[in-house]
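One structure is given below, encoded as structure tokens.
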Amino acid sequence: MASSYPFLINWVSYLLQRNSMAFFEISTTNYEEDIKTIQLAMTKMAAVCNISTGFRFGDPTSKFGWTFFQLFMDQELYVGIEDKFADMIKKTKGDKPDEKFINFLGMYFESKGCNVKVKIVNS
């Protein structure tokens with residue numbers, strides 16, 4: 001599936017450019033709407049953390065009615081989110097900090113109208 005959105009990039013190229021980032025896989029059944037909403041939500045979250053950029057999306061793949069794509073988050077943005085939203089992250093489900101962060105992201109996207117699943121690929 002070729003992307004028609006300019007903010008989607010080839011993830012291999014992006015990985016070569018950066019060395020410290022978190023990788024998330026996002027699953028959705030409504031890709032066209034959810035990618036726009038997540039782009040806006042992440043841009044706003046980065047602005048709250050005083051970071052102009054800090055995330056990219058990988059190319060989507062579709063299987064069985066679901067679309068999967070990666071969210072690459074720079075370490076600076078990851079730490080900024082942890083700092084700015086520490087109280088909220090602490091209250092989310094999960095035993096480990098990564099689990100809490102993933103659940104927080106999922107809830108954040110849900111609060112913006114997305115019905116997505118988020119999982120960490122590599123931390």
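Order determines the names: the first chain of the structure tokens is A, the second B, and so forth; residues in each chain are numbered 1 upward, and ligands are numbered 1 upward as they are shown.
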
Nearby residues (only C-alpha atoms) at most 9 Å from stretch 69-71 of chain A, same-chain spacing under 5 positions excluded, as a compact mmCIF listing (two decimals) with N, CA and C atoms, in the first residue's frame:
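Produced file result-v8.txt, reproduced below:
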```txt
# COMPACT_ATOMS: atom_id res chain seq x y z
N TRP A 11 10.65 3.57 6.76
CA TRP A 11 11.17 3.44 8.12
C TRP A 11 12.63 3.03 8.15
N ALA A 22 12.18 5.11 20.32
CA ALA A 22 11.26 4.04 20.69
C ALA A 22 10.42 3.71 19.46
N PHE A 23 10.09 2.44 19.31
CA PHE A 23 9.30 1.98 18.16
C PHE A 23 8.00 1.40 18.65
N PHE A 24 6.92 1.87 18.10
CA PHE A 24 5.60 1.37 18.45
C PHE A 24 4.91 0.88 17.18
N GLU A 25 4.11 -0.17 17.33
CA GLU A 25 3.27 -0.60 16.22
C GLU A 25 1.84 -0.23 16.56
N ILE A 26 1.18 0.42 15.63
CA ILE A 26 -0.20 0.83 15.82
C ILE A 26 -1.06 0.04 14.86
N SER A 27 -2.17 -0.51 15.36
CA SER A 27 -3.11 -1.29 14.57
C SER A 27 -4.45 -0.58 14.56
N THR A 28 -5.06 -0.53 13.37
CA THR A 28 -6.34 0.16 13.24
C THR A 28 -7.18 -0.48 12.14
N PHE A 55 8.81 12.56 15.97
CA PHE A 55 8.16 11.30 15.63
C PHE A 55 7.98 11.21 14.13
N ARG A 56 7.91 9.98 13.66
CA ARG A 56 7.65 9.69 12.25
C ARG A 56 6.80 8.44 12.18
N PHE A 57 6.15 8.25 11.07
CA PHE A 57 5.35 7.05 10.83
C PHE A 57 6.00 6.22 9.74
N GLY A 58 5.91 4.90 9.90
CA GLY A 58 6.37 3.99 8.86
C GLY A 58 5.24 3.72 7.89
N ASP A 59 5.58 3.07 6.79
CA ASP A 59 4.59 2.73 5.77
C ASP A 59 3.59 1.71 6.31
N PRO A 60 2.34 1.86 5.96
CA PRO A 60 1.31 0.94 6.45
C PRO A 60 1.27 -0.37 5.66
N THR A 61 0.83 -1.43 6.34
CA THR A 61 0.55 -2.71 5.69
C THR A 61 -0.81 -3.16 6.18
N SER A 62 -1.57 -3.78 5.30
CA SER A 62 -2.93 -4.21 5.66
C SER A 62 -3.05 -5.72 5.59
N VAL A 121 7.52 -2.14 19.94
CA VAL A 121 8.25 -3.08 19.11
C VAL A 121 9.67 -3.22 19.65
```

Inset, instruction - Within 9 Å of A:Ala41, counting only C-alpha atoms, which residues show up once you throw out same-chain ones fewer than 3 positions away? Write them as an MDAnalysis selection string, please. - result: chainID A and resid 36:38 44:46 108:109 112

Inset, instruction - Could you check which of A:Thr67, A:Gln75, A:Thr92, A:Thr29 is closest to A:Ile51, using only C-alpha atoms? - result: A:Gln75

Inset, instruction - May I have the residues within 7 Å of A:Cys49 as a PyMOL selection string, using only C-alpha atoms and disregarding those fewer than 5 positions away in the same chain? - result: chain A and resi 80-81+84

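Of the listed residues (A:Glu82, A:Phe68, A:Met88, A:Leu77), A:Leu77 comes nearest to A:Ala47; the distances count only C-alpha atoms.
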
Inset, instruction - Taking the DSSP assignment computed from this structure's backbone, write out as a ChimeraX atom specification all residues of chain A that belong to alpha helix (DSSP H). - result: /A:11-17,31-48,75-84,86-91,97-111

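Compared by their closest atoms to A:Asp87, and using only C-alpha atoms, the residues A:Lys100, A:Cys114, A:Lys119, A:Glu32 rank with A:Lys100 nearest.
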
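Here the DSSP assignment of strand (DSSP E or B), based on backbone atoms, applies within stretch 11-93 of chain A to Met21, Ala22, Phe23, Phe24, Glu25, Ile26, Ser27, Thr28, Phe55, Arg56, Phe57, Thr61, Ser62, Lys63, Trp66, Thr67, Phe68, Phe69, Gln70, Leu71, Phe72, Met73 and Asp74 of chain A.
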
Prev. selection, N, CA and C atoms, output as a PDB file, in the first residue's frame:
```
ATOM      1  N   MET A  21      15.642   5.822  19.676  1.00  0.00           N
ATOM      2  CA  MET A  21      14.214   6.084  19.564  1.00  0.00           C
ATOM      3  C   MET A  21      13.433   4.869  20.030  1.00  0.00           C
ATOM      4  N   ALA A  22      12.182   5.107  20.318  1.00  0.00           N
ATOM      5  CA  ALA A  22      11.261   4.042  20.690  1.00  0.00           C
ATOM      6  C   ALA A  22      10.415   3.715  19.457  1.00  0.00           C
ATOM      7  N   PHE A  23      10.090   2.438  19.308  1.00  0.00           N
ATOM      8  CA  PHE A  23       9.305   1.984  18.163  1.00  0.00           C
ATOM      9  C   PHE A  23       8.001   1.395  18.648  1.00  0.00           C
ATOM     10  N   PHE A  24       6.917   1.874  18.097  1.00  0.00           N
ATOM     11  CA  PHE A  24       5.596   1.370  18.448  1.00  0.00           C
ATOM     12  C   PHE A  24       4.911   0.881  17.184  1.00  0.00           C
ATOM     13  N   GLU A  25       4.108  -0.168  17.326  1.00  0.00           N
ATOM     14  CA  GLU A  25       3.266  -0.600  16.218  1.00  0.00           C
ATOM     15  C   GLU A  25       1.842  -0.231  16.562  1.00  0.00           C
ATOM     16  N   ILE A  26       1.181   0.419  15.626  1.00  0.00           N
ATOM     17  CA  ILE A  26      -0.204   0.835  15.825  1.00  0.00           C
ATOM     18  C   ILE A  26      -1.061   0.035  14.857  1.00  0.00           C
ATOM     19  N   SER A  27      -2.166  -0.507  15.363  1.00  0.00           N
ATOM     20  CA  SER A  27      -3.107  -1.294  14.571  1.00  0.00           C
ATOM     21  C   SER A  27      -4.447  -0.582  14.556  1.00  0.00           C
ATOM     22  N   THR A  28      -5.058  -0.525  13.375  1.00  0.00           N
ATOM     23  CA  THR A  28      -6.341   0.159  13.239  1.00  0.00           C
ATOM     24  C   THR A  28      -7.179  -0.484  12.144  1.00  0.00           C
ATOM     25  N   PHE A  55       8.811  12.560  15.973  1.00  0.00           N
ATOM     26  CA  PHE A  55       8.162  11.298  15.631  1.00  0.00           C
ATOM     27  C   PHE A  55       7.983  11.205  14.128  1.00  0.00           C
ATOM     28  N   ARG A  56       7.913   9.983  13.662  1.00  0.00           N
ATOM     29  CA  ARG A  56       7.652   9.693  12.249  1.00  0.00           C
ATOM     30  C   ARG A  56       6.800   8.440  12.178  1.00  0.00           C
ATOM     31  N   PHE A  57       6.146   8.255  11.068  1.00  0.00           N
ATOM     32  CA  PHE A  57       5.354   7.054  10.827  1.00  0.00           C
ATOM     33  C   PHE A  57       6.004   6.216   9.744  1.00  0.00           C
ATOM     34  N   THR A  61       0.833  -1.434   6.343  1.00  0.00           N
ATOM     35  CA  THR A  61       0.549  -2.705   5.690  1.00  0.00           C
ATOM     36  C   THR A  61      -0.810  -3.164   6.181  1.00  0.00           C
ATOM     37  N   SER A  62      -1.573  -3.783   5.300  1.00  0.00           N
ATOM     38  CA  SER A  62      -2.931  -4.210   5.661  1.00  0.00           C
ATOM     39  C   SER A  62      -3.053  -5.721   5.592  1.00  0.00           C
ATOM     40  N   LYS A  63      -3.766  -6.277   6.587  1.00  0.00           N
ATOM     41  CA  LYS A  63      -4.049  -7.710   6.650  1.00  0.00           C
ATOM     42  C   LYS A  63      -5.380  -7.906   7.362  1.00  0.00           C
ATOM     43  N   TRP A  66      -7.279  -5.110   9.016  1.00  0.00           N
ATOM     44  CA  TRP A  66      -6.509  -4.261   9.917  1.00  0.00           C
ATOM     45  C   TRP A  66      -5.368  -3.623   9.142  1.00  0.00           C
ATOM     46  N   THR A  67      -4.998  -2.419   9.520  1.00  0.00           N
ATOM     47  CA  THR A  67      -3.819  -1.763   8.964  1.00  0.00           C
ATOM     48  C   THR A  67      -2.839  -1.555  10.103  1.00  0.00           C
ATOM     49  N   PHE A  68      -1.579  -1.890   9.843  1.00  0.00           N
ATOM     50  CA  PHE A  68      -0.507  -1.790  10.837  1.00  0.00           C
ATOM     51  C   PHE A  68       0.527  -0.799  10.323  1.00  0.00           C
ATOM     52  N   PHE A  69       1.008   0.049  11.225  1.00  0.00           N
ATOM     53  CA  PHE A  69       2.080   0.969  10.873  1.00  0.00           C
ATOM     54  C   PHE A  69       2.898   1.280  12.116  1.00  0.00           C
ATOM     55  N   GLN A  70       4.142   1.683  11.892  1.00  0.00           N
ATOM     56  CA  GLN A  70       5.029   1.994  13.003  1.00  0.00           C
ATOM     57  C   GLN A  70       4.991   3.478  13.325  1.00  0.00           C
ATOM     58  N   LEU A  71       5.152   3.749  14.598  1.00  0.00           N
ATOM     59  CA  LEU A  71       5.349   5.112  15.090  1.00  0.00           C
ATOM     60  C   LEU A  71       6.749   5.122  15.685  1.00  0.00           C
ATOM     61  N   PHE A  72       7.622   5.927  15.124  1.00  0.00           N
ATOM     62  CA  PHE A  72       8.988   6.062  15.618  1.00  0.00           C
ATOM     63  C   PHE A  72       9.055   7.344  16.422  1.00  0.00           C
ATOM     64  N   MET A  73       9.457   7.225  17.675  1.00  0.00           N
ATOM     65  CA  MET A  73       9.478   8.383  18.567  1.00  0.00           C
ATOM     66  C   MET A  73      10.905   8.610  19.065  1.00  0.00           C
ATOM     67  N   ASP A  74      11.421   9.807  18.812  1.00  0.00           N
ATOM     68  CA  ASP A  74      12.755  10.158  19.295  1.00  0.00           C
ATOM     69  C   ASP A  74      12.798  10.082  20.818  1.00  0.00           C
TER      70      ASP A  74
END
```
